[in-house]
Amino acid sequence: MSGFDVLTRGEVLDAALQARDYLVSCGVPGALAAKDPRLWGRRAVDHSRLGWLDLPVASRGLLNQIEPLVTEARYSGLDHVVLIGVGADTLPAQAIVEAHSPAGLPVAAAGSAPVSSSSSSAAAAPGRAAGPDAPPGGLTVLDGGDTAPLGYALDRLDRTLVVLASKPGVSIEGDAYRRIFMAAFREHGLSEREIASRFLVITDHGSPLHDFARQCGYRIGLTDPYLPGHYGALSAYGLVPALLAGADAYRVLDEAATVAASLGRDEDNPGLLLGAILGGCAQRGVEGGPRDKVMLREPGGPTALSSWIAQLLAVATGKRGRGILAFDPSGGPGERPDVHSIAINPRAEGSSESDTSLWAPLGAQFLLWEYAAAVAGWLLGVNPFEPGSLVVQEAEDDAATMLQAAGPDPLPTAAPAFVDGGIEVHTDVPSLGGSRLEGVLDALLAHMPMNGYVSVATYVSGDLSGRYLAPALARRSGRPVLYGQGPAYPHATGPVHKDGPGGGVFLIVTGEPAPGDPLADHPVPGRPYGLAKLRLARALAEVRALRQRGLPVVRLHLRDPVEGAARLIEAVRAAPGVRTGVRARGAARVAGGDGRAGRTGP
């Protein structure tokens with residue numbers, strides 16, 4: 001796919017057209033293309049925070065600089081990349097590897113098993129130099145969630161290069177995983193110098209992590225400290241790990257460059273239209289209320305691209321009681337007045353039932369969504385470039401304080417309200433509805449407003465994932481369900497939940513380590529805790545942060561993760577489903593790309 005196109009239809013059309021005309025009348029496209037910071041107030045945005053607009057060209061020099069490292073890694077047999085980071089630090093690289101890698105390249109991340117075809121078997125065997133033309137060994141993402149990818153990575157130490165990516169400094173999860181790999185490399189017989197050569201740190205120039213990496217002798221890739229973290233898909237954060245893992249990062253920049261020229265125009269500007277759709281619906285909406293929830297549809301199911309879009313919109317717009325939430329179809333229903341659906345690269349025009357369809361290759365998707373988030377933020381009256389890290393950093397700091405205070409002892413937790421089927425129920429939500437899980441879930445959903453939503457974060461290593469709970473919770477509540485594994489999911493989308501328009505109710509799932517899974521509670525060298533205790537501290541801190549904002553939250557702790565998961569799913573499915581509404585028909589194309597003129601009409 002080389003072109004780009006946007007199609008919108010139905011009730012979304014009027015809001016989009018009015019918002020686009022208003023944006024043009026205010027000169028927003030030209031001002032944004034000129035990187036005029038006055039769009040968000042005289043001192044609200046520094047000119048340098050708009051440098052993401054130049055990355056399709058500027059990042060070519062970065063890739064050229066990193067090529068010697070890629071060649072060296074291939075000759076050394078280091079064809080497998082472990083990427084340690086959280087949220088925006090890892091999602092772009094994962095999306096690039098998924099989209100632009102040789103057939104069979106494995107991708108391992110929390111919530112998914114590494115999958116590869118037979119073509120990847122030609123990758124270098126342990127201890128053997130691969131050569132620059134050997135198939136790469138893939139990408140493993142460690143973001144503090146499910147520890148299953150950790151085992152996949154530890155089995156490939158001879159081939160592994162570790163990339164630690166973080167703008168401000170290393171997170172407590174990043175520190176834990178770094179220590180685990182340091183110890184594993186030592187046990188593997190590597191010298192301290194050889195171990196240092198296995199680490200690459202991507203961070204901002206002058207950050208605390210920059211100084212730390214220099215002291216450790218790690219390789220360092222520096223980024224612009226003024227570049228917003230959630231706008232770094234086309235920077236070193238997205239490109240360098242993907243290139244090292246064998247993906248075609250140059251192609252990503254080529255794809256972004258194809259759409260860049262259109263972003264300064266008033267007409268045939270797909271980024272402007274997409275931003276008008278997002279901001280116009282969230283601001284004015286239809287049927288008397290805002291449409292501030294977006295269902296993202298991809299033909300083969302949700303990918304890292306959808307997760308990246310969700311975190312971008314959450315951080316860019318989730319401020320001052322405003323914001324746009326994105327979720328995938330398993331968290332439906334989408335047929336609601338406050339929800340509109342966007343199909344990403346549907347297989348053919350007219351094949352999608354979505355309100356809006358967007359066709360573009362991955363690099364263009366990155367730039368289009370970043371531009372659209374900026375435009376939507378302008379329409380909503382929020383600064384999209386303000387970091388959203390404060391609302392998530394407080395939870396991480398709280399977790400670190402808990403771990404330090406506990407030392408080698410267990411974390412202090414309050415007694416549960418009751419226990420059902422080996423599941424501890426912890427909540428301050430009133431009207432529990434008896435002493436069964438079904439009553440607790442009903443009480444939690446009763447606190448959700450008519451335009452609300454459910455957020456599920458799981459802090460359990462193993463097979464339990466929010467995607468198994470989301471469809472049943474959506475049927476039970478008749479409302480959208482957003483889900484993900486902690487701490488990556490709360491880190492990526494926390495701003496819109498905590499500082500956004502509100503209406504969320506929150507289900508946090510924790511659990512004991514699975515029996516027979518040594519990685520579930522892998523000790524952290526040099527720390528008085530293991531990964532299970534770290535996950536629990538993160539969950540407790542997240543619960544506390546939500547309660548401090550007066551948000552309804554229930555924590556369920558699975559004493560036995562296997563039996564508890566089965567009981568939880570049984571409880572969620574206990575109620576009958578809720579029917580969804582019917583969307584009006586009719587469509588109109590209001591923007592085109594790849595040289596075609598936009599069209600409007602009934």
# chains A, B, ... in the order shown; residues from 1 in each chain; ligands from 1

call {"tool": "select_by_dssp", "arguments": {"residues": "region 130-350 of chain A", "states": "strand (DSSP E)", "output": "ChimeraX atom specification"}}
result
/A:138-142,160-165,199-204,219-223,293-297,325-327,339-344

call {"tool": "residues_around", "arguments": {"residues": "His497 (chain A)", "least_positions_apart": "3", "cutoff": "10 Å", "atoms": "only C-alpha atoms", "output": "MDAnalysis selection string"}}
result
chainID A and resid 314:315 318:319 321:325 391 455 490 493:494 500:506 546 551

call {"tool": "write_last_selection", "arguments": {"atoms": "N, CA, C and O atoms", "output": "compact mmCIF listing (two decimals), in the first residue's frame"}}
result
# COMPACT_ATOMS: atom_id res chain seq x y z
N ALA A 314 -4.74 8.98 24.28
CA ALA A 314 -4.92 9.12 25.73
C ALA A 314 -4.02 10.20 26.30
O ALA A 314 -4.45 11.04 27.09
N VAL A 315 -2.74 10.18 25.91
CA VAL A 315 -1.79 11.14 26.45
C VAL A 315 -1.98 12.52 25.84
O VAL A 315 -1.88 13.54 26.53
N GLY A 318 -6.03 13.48 26.93
CA GLY A 318 -6.58 13.21 28.25
C GLY A 318 -6.15 14.23 29.29
O GLY A 318 -5.29 13.96 30.13
N LYS A 319 -6.77 15.39 29.28
CA LYS A 319 -6.40 16.48 30.17
C LYS A 319 -7.64 17.35 30.46
O LYS A 319 -8.54 17.45 29.64
N GLY A 321 -10.33 17.25 32.10
CA GLY A 321 -11.68 16.74 31.97
C GLY A 321 -12.10 16.44 30.55
O GLY A 321 -13.29 16.25 30.29
N ARG A 322 -11.15 16.36 29.64
CA ARG A 322 -11.45 16.05 28.25
C ARG A 322 -10.57 14.90 27.81
O ARG A 322 -9.59 14.57 28.47
N GLY A 323 -10.90 14.31 26.67
CA GLY A 323 -10.06 13.24 26.18
C GLY A 323 -10.81 12.27 25.30
O GLY A 323 -12.05 12.24 25.27
N ILE A 324 -10.05 11.48 24.54
CA ILE A 324 -10.59 10.50 23.61
C ILE A 324 -10.06 9.12 24.01
O ILE A 324 -8.85 8.92 24.14
N LEU A 325 -10.97 8.18 24.22
CA LEU A 325 -10.60 6.82 24.55
C LEU A 325 -10.71 5.95 23.31
O LEU A 325 -11.66 6.09 22.54
N VAL A 391 0.60 11.82 35.95
CA VAL A 391 -0.43 10.98 36.53
C VAL A 391 -0.02 9.52 36.57
O VAL A 391 -0.57 8.74 37.34
N SER A 455 -12.77 -0.28 32.62
CA SER A 455 -11.34 -0.44 32.37
C SER A 455 -10.85 -1.63 33.18
O SER A 455 -11.07 -1.71 34.38
N PRO A 490 -1.97 0.83 32.12
CA PRO A 490 -2.22 2.08 32.85
C PRO A 490 -1.20 3.17 32.54
O PRO A 490 -1.53 4.35 32.52
N THR A 493 -2.25 4.63 28.99
CA THR A 493 -3.55 5.29 28.84
C THR A 493 -4.02 6.00 30.10
O THR A 493 -5.12 6.54 30.13
N GLY A 494 -3.18 6.02 31.15
CA GLY A 494 -3.57 6.61 32.42
C GLY A 494 -4.09 8.03 32.36
O GLY A 494 -5.07 8.36 33.05
N GLY A 500 -9.13 12.68 32.29
CA GLY A 500 -9.99 12.86 31.13
C GLY A 500 -11.43 13.14 31.49
O GLY A 500 -11.73 13.66 32.58
N PRO A 501 -12.37 12.77 30.61
CA PRO A 501 -13.78 13.13 30.82
C PRO A 501 -14.47 12.33 31.91
O PRO A 501 -15.61 12.66 32.27
N GLY A 502 -13.84 11.29 32.43
CA GLY A 502 -14.45 10.53 33.51
C GLY A 502 -15.43 9.50 32.98
O GLY A 502 -15.55 9.24 31.79
N GLY A 503 -16.15 8.89 33.91
CA GLY A 503 -17.14 7.88 33.55
C GLY A 503 -16.63 6.46 33.62
O GLY A 503 -17.40 5.53 33.37
N GLY A 504 -15.35 6.26 33.96
CA GLY A 504 -14.82 4.92 34.01
C GLY A 504 -15.03 4.24 35.35
O GLY A 504 -15.04 4.88 36.40
N VAL A 505 -15.20 2.94 35.31
CA VAL A 505 -15.14 2.09 36.51
C VAL A 505 -14.02 1.10 36.26
O VAL A 505 -13.79 0.66 35.12
N PHE A 506 -13.31 0.70 37.32
CA PHE A 506 -12.03 0.05 37.13
C PHE A 506 -11.97 -1.29 37.85
O PHE A 506 -12.30 -1.38 39.04
N LEU A 546 -6.25 5.58 41.70
CA LEU A 546 -7.62 5.70 41.24
C LEU A 546 -8.55 6.13 42.37
O LEU A 546 -9.42 7.00 42.19
N LEU A 551 -12.47 7.49 41.98
CA LEU A 551 -12.97 6.62 40.92
C LEU A 551 -13.32 5.24 41.48
O LEU A 551 -12.60 4.70 42.33

call {"tool": "atom_distance", "arguments": {"atom1": "CA of Ala34 (chain A)", "atom2": "CA of Leu239 (chain A)"}}
result
24.9 Å

call {"tool": "residues_around", "arguments": {"residues": "Tyr529 (chain A)", "least_positions_apart": "2", "cutoff": "12 Å", "atoms": "only C-alpha atoms", "output": "PyMOL selection string"}}
result
chain A and resi 172-173+176+400+402-411+521-527+531-537

call {"tool": "residues_around", "arguments": {"residues": "Gly511 (chain A)", "least_positions_apart": "6", "cutoff": "7 Å", "atoms": "only C-alpha atoms", "output": "list of chain:residue names"}}
result
A:Val460, A:His557, A:Leu558, A:Arg559, A:Pro561

call {"tool": "atom_distance", "arguments": {"atom1": "CA of Phe185 (chain A)", "atom2": "CA of Asp248 (chain A)"}}
result
28.7 Å

call {"tool": "atom_distance", "arguments": {"atom1": "CA of Gly264 (chain A)", "atom2": "CA of Val28 (chain A)"}}
result
9.0 Å

call {"tool": "select_by_dssp", "arguments": {"residues": "region 89-335 of chain A", "states": "alpha helix (DSSP H)", "output": "PyMOL selection string"}}
result
chain A and resi 91-99+148-154+172-187+192-197+208-216+236-244+249-260+270-283+304-317

call {"tool": "residues_around", "arguments": {"residues": "Leu441 (chain A)", "least_positions_apart": "6", "cutoff": "12 Å", "atoms": "only C-alpha atoms", "output": "VMD selection string"}}
result
chain A and resid 425 427 429 to 435 447 to 448 454 472 to 473 476 to 477 505 to 508 552 to 556 568 to 575

call {"tool": "write_last_selection", "arguments": {"atoms": "N, CA, C and O atoms", "output": "short mmCIF file (atom, residue, chain, number, x, y, z; two decimals), in the first residue's frame"}}
result
data_model
loop_
_atom_site.label_atom_id
_atom_site.label_comp_id
_atom_site.auth_asym_id
_atom_site.auth_seq_id
_atom_site.Cartn_x
_atom_site.Cartn_y
_atom_site.Cartn_z
N VAL A 425 -11.75 -10.31 47.32
CA VAL A 425 -12.40 -9.10 46.81
C VAL A 425 -11.98 -7.93 47.69
O VAL A 425 -12.27 -7.91 48.89
N THR A 427 -12.33 -3.82 47.88
CA THR A 427 -13.02 -2.68 47.29
C THR A 427 -13.58 -1.78 48.38
O THR A 427 -13.84 -2.22 49.51
N VAL A 429 -16.13 0.14 47.12
CA VAL A 429 -17.38 0.43 46.42
C VAL A 429 -18.54 -0.04 47.29
O VAL A 429 -18.59 -1.21 47.68
N PRO A 430 -19.49 0.83 47.63
CA PRO A 430 -20.62 0.41 48.47
C PRO A 430 -21.58 -0.51 47.72
O PRO A 430 -21.47 -0.69 46.50
N SER A 431 -22.52 -1.07 48.45
CA SER A 431 -23.56 -1.95 47.87
C SER A 431 -22.93 -3.14 47.17
O SER A 431 -23.10 -3.35 45.97
N LEU A 432 -22.18 -3.92 47.94
CA LEU A 432 -21.48 -5.04 47.35
C LEU A 432 -22.42 -6.08 46.76
O LEU A 432 -22.04 -6.84 45.89
N GLY A 433 -23.63 -6.13 47.23
CA GLY A 433 -24.57 -7.09 46.66
C GLY A 433 -24.32 -8.50 47.14
O GLY A 433 -24.31 -9.43 46.35
N GLY A 434 -24.10 -8.67 48.44
CA GLY A 434 -23.88 -10.00 48.98
C GLY A 434 -22.42 -10.34 49.07
O GLY A 434 -21.56 -9.48 49.17
N SER A 435 -22.12 -11.60 49.01
CA SER A 435 -20.74 -12.05 49.14
C SER A 435 -20.35 -12.94 47.97
O SER A 435 -19.67 -13.95 48.13
N HIS A 447 -22.14 1.83 39.31
CA HIS A 447 -21.52 3.14 39.50
C HIS A 447 -21.10 3.79 38.18
O HIS A 447 -20.57 4.90 38.17
N MET A 448 -21.33 3.11 37.07
CA MET A 448 -20.95 3.63 35.77
C MET A 448 -22.08 4.46 35.19
O MET A 448 -23.22 4.00 35.12
N VAL A 454 -15.82 0.55 31.09
CA VAL A 454 -15.13 -0.31 32.05
C VAL A 454 -13.66 -0.40 31.65
O VAL A 454 -13.35 -0.58 30.46
N ALA A 472 -17.19 -10.47 27.49
CA ALA A 472 -18.27 -10.80 28.44
C ALA A 472 -18.67 -9.57 29.24
O ALA A 472 -19.87 -9.35 29.50
N LEU A 473 -17.72 -8.76 29.66
CA LEU A 473 -18.05 -7.54 30.40
C LEU A 473 -18.81 -6.56 29.51
O LEU A 473 -19.71 -5.86 29.98
N ARG A 476 -22.31 -7.78 29.36
CA ARG A 476 -22.98 -7.62 30.65
C ARG A 476 -23.36 -6.16 30.89
O ARG A 476 -24.43 -5.86 31.43
N SER A 477 -22.48 -5.24 30.51
CA SER A 477 -22.69 -3.83 30.82
C SER A 477 -23.34 -3.06 29.69
O SER A 477 -23.93 -2.00 29.91
N VAL A 505 -15.20 2.94 35.31
CA VAL A 505 -15.14 2.09 36.51
C VAL A 505 -14.02 1.10 36.26
O VAL A 505 -13.79 0.66 35.12
N PHE A 506 -13.31 0.70 37.32
CA PHE A 506 -12.03 0.05 37.13
C PHE A 506 -11.97 -1.29 37.85
O PHE A 506 -12.30 -1.38 39.04
N LEU A 507 -11.53 -2.30 37.11
CA LEU A 507 -11.34 -3.64 37.65
C LEU A 507 -9.86 -3.97 37.54
O LEU A 507 -9.28 -4.00 36.45
N ILE A 508 -9.21 -4.20 38.69
CA ILE A 508 -7.80 -4.55 38.75
C ILE A 508 -7.69 -6.00 39.21
O ILE A 508 -8.26 -6.37 40.24
N PRO A 552 -14.43 4.63 41.03
CA PRO A 552 -14.83 3.32 41.53
C PRO A 552 -13.84 2.24 41.07
O PRO A 552 -13.60 2.09 39.86
N VAL A 553 -13.29 1.49 42.00
CA VAL A 553 -12.31 0.46 41.64
C VAL A 553 -12.50 -0.76 42.52
O VAL A 553 -12.75 -0.65 43.72
N VAL A 554 -12.40 -1.91 41.90
CA VAL A 554 -12.43 -3.20 42.60
C VAL A 554 -11.16 -3.95 42.24
O VAL A 554 -10.81 -4.06 41.05
N ARG A 555 -10.48 -4.47 43.27
CA ARG A 555 -9.31 -5.33 43.03
C ARG A 555 -9.68 -6.75 43.40
O ARG A 555 -10.16 -7.01 44.50
N LEU A 556 -9.44 -7.67 42.47
CA LEU A 556 -9.67 -9.09 42.69
C LEU A 556 -8.31 -9.78 42.70
O LEU A 556 -7.55 -9.66 41.74
N LEU A 568 -13.61 -16.25 37.80
CA LEU A 568 -13.86 -14.87 37.41
C LEU A 568 -14.61 -14.80 36.09
O LEU A 568 -15.59 -14.06 35.95
N ILE A 569 -14.18 -15.58 35.12
CA ILE A 569 -14.86 -15.57 33.83
C ILE A 569 -16.29 -16.08 33.97
O ILE A 569 -17.23 -15.58 33.34
N GLU A 570 -16.48 -17.09 34.82
CA GLU A 570 -17.84 -17.59 35.09
C GLU A 570 -18.71 -16.49 35.66
O GLU A 570 -19.88 -16.33 35.26
N ALA A 571 -18.17 -15.72 36.59
CA ALA A 571 -18.96 -14.65 37.22
C ALA A 571 -19.30 -13.56 36.23
O ALA A 571 -20.41 -13.03 36.22
N VAL A 572 -18.35 -13.22 35.37
CA VAL A 572 -18.59 -12.16 34.38
C VAL A 572 -19.67 -12.57 33.39
O VAL A 572 -20.48 -11.76 32.94
N ARG A 573 -19.70 -13.85 33.05
CA ARG A 573 -20.65 -14.33 32.04
C ARG A 573 -22.02 -14.66 32.62
O ARG A 573 -22.92 -15.08 31.88
N ALA A 574 -22.18 -14.46 33.91
CA ALA A 574 -23.41 -14.91 34.56
C ALA A 574 -24.65 -14.17 34.12
O ALA A 574 -25.74 -14.69 34.17
N ALA A 575 -24.52 -12.90 33.70
CA ALA A 575 -25.70 -12.10 33.37
C ALA A 575 -25.99 -12.19 31.88
O ALA A 575 -25.10 -12.41 31.06
#

call {"tool": "closest_atom_pairs", "arguments": {"of": "region 305-348 of chain A", "to": "region 292-299 of chain A", "cutoff": "8 Å", "atoms": "only C-alpha atoms", "output": "Markdown table"}}
result
| residue | atom | partner | partner_atom | distance |
| --- | --- | --- | --- | --- |
| A:Ser306 | CA | A:Leu296 | CA | 6.6 |
| A:Gly323 | CA | A:Asp292 | CA | 6.9 |
| A:Ile324 | CA | A:Asp292 | CA | 4.9 |
| A:Leu325 | CA | A:Lys293 | CA | 4.8 |
| A:Ala326 | CA | A:Val294 | CA | 4.6 |
| A:Phe327 | CA | A:Met295 | CA | 5.0 |
| A:Asp328 | CA | A:Leu296 | CA | 5.1 |
| A:Pro329 | CA | A:Met295 | CA | 6.3 |
| A:Gly332 | CA | A:Met295 | CA | 7.6 |
| A:Gly334 | CA | A:Met295 | CA | 6.4 |
| A:Asp338 | CA | A:Asp292 | CA | 6.1 |
| A:Val339 | CA | A:Lys293 | CA | 4.8 |
| A:His340 | CA | A:Val294 | CA | 5.2 |
| A:Ser341 | CA | A:Met295 | CA | 4.4 |
| A:Ile342 | CA | A:Leu296 | CA | 5.1 |
| A:Ala343 | CA | A:Arg297 | CA | 4.6 |
| A:Ile344 | CA | A:Glu298 | CA | 5.2 |
| A:Asn345 | CA | A:Glu298 | CA | 6.8 |
| A:Pro346 | CA | A:Pro299 | CA | 5.9 |
| A:Arg347 | CA | A:Pro299 | CA | 7.0 |

call {"tool": "residues_around", "arguments": {"residues": "Ser307 (chain A)", "least_positions_apart": "4", "cutoff": "9 Å", "atoms": "only C-alpha atoms", "output": "mmCIF file with all heavy atoms, in the first residue's frame"}}
result
data_model
loop_
_atom_site.group_PDB
_atom_site.id
_atom_site.type_symbol
_atom_site.label_atom_id
_atom_site.label_comp_id
_atom_site.auth_asym_id
_atom_site.auth_seq_id
_atom_site.Cartn_x
_atom_site.Cartn_y
_atom_site.Cartn_z
ATOM 1 N N GLY A 87 4.878 1.329 27.424
ATOM 2 C CA GLY A 87 3.989 2.181 26.641
ATOM 3 C C GLY A 87 4.620 2.717 25.374
ATOM 4 O O GLY A 87 5.043 1.957 24.494
ATOM 5 N N LEU A 91 5.821 0.425 21.935
ATOM 6 C CA LEU A 91 4.761 0.115 20.978
ATOM 7 C C LEU A 91 5.120 0.442 19.528
ATOM 8 O O LEU A 91 4.794 -0.349 18.629
ATOM 9 C CB LEU A 91 3.472 0.832 21.382
ATOM 10 C CG LEU A 91 2.788 0.269 22.632
ATOM 11 C CD1 LEU A 91 1.652 1.179 23.078
ATOM 12 C CD2 LEU A 91 2.265 -1.132 22.377
ATOM 13 N N PRO A 302 -6.684 -6.743 16.528
ATOM 14 C CA PRO A 302 -5.844 -5.653 17.024
ATOM 15 C C PRO A 302 -4.361 -6.005 16.996
ATOM 16 O O PRO A 302 -3.967 -7.140 17.258
ATOM 17 C CB PRO A 302 -6.341 -5.456 18.462
ATOM 18 C CG PRO A 302 -7.002 -6.746 18.835
ATOM 19 C CD PRO A 302 -7.573 -7.288 17.572
ATOM 20 N N THR A 303 -3.541 -5.017 16.656
ATOM 21 C CA THR A 303 -2.092 -5.155 16.633
ATOM 22 C C THR A 303 -1.480 -4.078 17.515
ATOM 23 O O THR A 303 -2.177 -3.297 18.157
ATOM 24 C CB THR A 303 -1.547 -5.007 15.203
ATOM 25 O OG1 THR A 303 -1.735 -3.640 14.766
ATOM 26 C CG2 THR A 303 -2.268 -5.947 14.237
ATOM 27 N N GLN A 311 -2.681 4.841 23.093
ATOM 28 C CA GLN A 311 -1.859 5.597 24.045
ATOM 29 C C GLN A 311 -1.605 7.007 23.542
ATOM 30 O O GLN A 311 -1.554 7.947 24.329
ATOM 31 C CB GLN A 311 -0.557 4.856 24.348
ATOM 32 C CG GLN A 311 0.437 4.733 23.218
ATOM 33 C CD GLN A 311 1.323 5.944 23.017
ATOM 34 O OE1 GLN A 311 1.601 6.671 23.965
ATOM 35 N NE2 GLN A 311 1.738 6.169 21.789
ATOM 36 N N LEU A 312 -1.440 7.192 22.232
ATOM 37 C CA LEU A 312 -1.243 8.534 21.691
ATOM 38 C C LEU A 312 -2.443 9.422 22.000
ATOM 39 O O LEU A 312 -2.290 10.553 22.497
ATOM 40 C CB LEU A 312 -1.031 8.451 20.176
ATOM 41 C CG LEU A 312 -1.032 9.791 19.427
ATOM 42 C CD1 LEU A 312 0.208 10.599 19.771
ATOM 43 C CD2 LEU A 312 -1.133 9.563 17.909
ATOM 44 N N ALA A 326 -9.748 5.046 23.148
ATOM 45 C CA ALA A 326 -9.784 4.107 22.026
ATOM 46 C C ALA A 326 -9.767 2.683 22.561
ATOM 47 O O ALA A 326 -9.113 2.385 23.558
ATOM 48 C CB ALA A 326 -8.592 4.340 21.093
ATOM 49 N N PHE A 327 -10.499 1.797 21.902
ATOM 50 C CA PHE A 327 -10.564 0.402 22.312
ATOM 51 C C PHE A 327 -10.765 -0.456 21.079
ATOM 52 O O PHE A 327 -11.082 0.048 19.990
ATOM 53 C CB PHE A 327 -11.675 0.171 23.338
ATOM 54 C CG PHE A 327 -13.059 0.480 22.838
ATOM 55 C CD1 PHE A 327 -13.897 -0.528 22.423
ATOM 56 C CD2 PHE A 327 -13.524 1.794 22.793
ATOM 57 C CE1 PHE A 327 -15.183 -0.249 21.965
ATOM 58 C CE2 PHE A 327 -14.796 2.089 22.343
ATOM 59 C CZ PHE A 327 -15.630 1.060 21.923
ATOM 60 N N ASP A 328 -10.545 -1.777 21.202
ATOM 61 C CA ASP A 328 -10.696 -2.648 20.045
ATOM 62 C C ASP A 328 -12.037 -3.381 20.105
ATOM 63 O O ASP A 328 -12.721 -3.362 21.127
ATOM 64 C CB ASP A 328 -9.509 -3.614 19.935
ATOM 65 C CG ASP A 328 -9.497 -4.656 21.025
ATOM 66 O OD1 ASP A 328 -10.472 -5.416 21.123
ATOM 67 O OD2 ASP A 328 -8.503 -4.722 21.770
ATOM 68 N N TYR A 489 -0.404 -1.003 30.379
ATOM 69 C CA TYR A 489 -1.673 -0.407 29.964
ATOM 70 C C TYR A 489 -2.017 0.844 30.768
ATOM 71 O O TYR A 489 -2.334 1.890 30.184
ATOM 72 C CB TYR A 489 -2.780 -1.467 30.049
ATOM 73 C CG TYR A 489 -4.180 -0.917 30.067
ATOM 74 C CD1 TYR A 489 -4.701 -0.252 28.966
ATOM 75 C CD2 TYR A 489 -4.992 -1.066 31.191
ATOM 76 C CE1 TYR A 489 -5.995 0.260 28.991
ATOM 77 C CE2 TYR A 489 -6.274 -0.570 31.218
ATOM 78 C CZ TYR A 489 -6.775 0.099 30.123
ATOM 79 O OH TYR A 489 -8.040 0.611 30.146
ATOM 80 N N ALA A 492 0.297 3.652 29.655
ATOM 81 C CA ALA A 492 0.046 4.192 28.318
ATOM 82 C C ALA A 492 -1.221 5.028 28.247
ATOM 83 O O ALA A 492 -1.278 6.021 27.525
ATOM 84 C CB ALA A 492 -0.020 3.048 27.299
#

call {"tool": "residues_around", "arguments": {"residues": "Leu379 (chain A)", "least_positions_apart": "3", "cutoff": "7 Å", "atoms": "only C-alpha atoms", "output": "ChimeraX atom specification"}}
result
/A:279,375-376
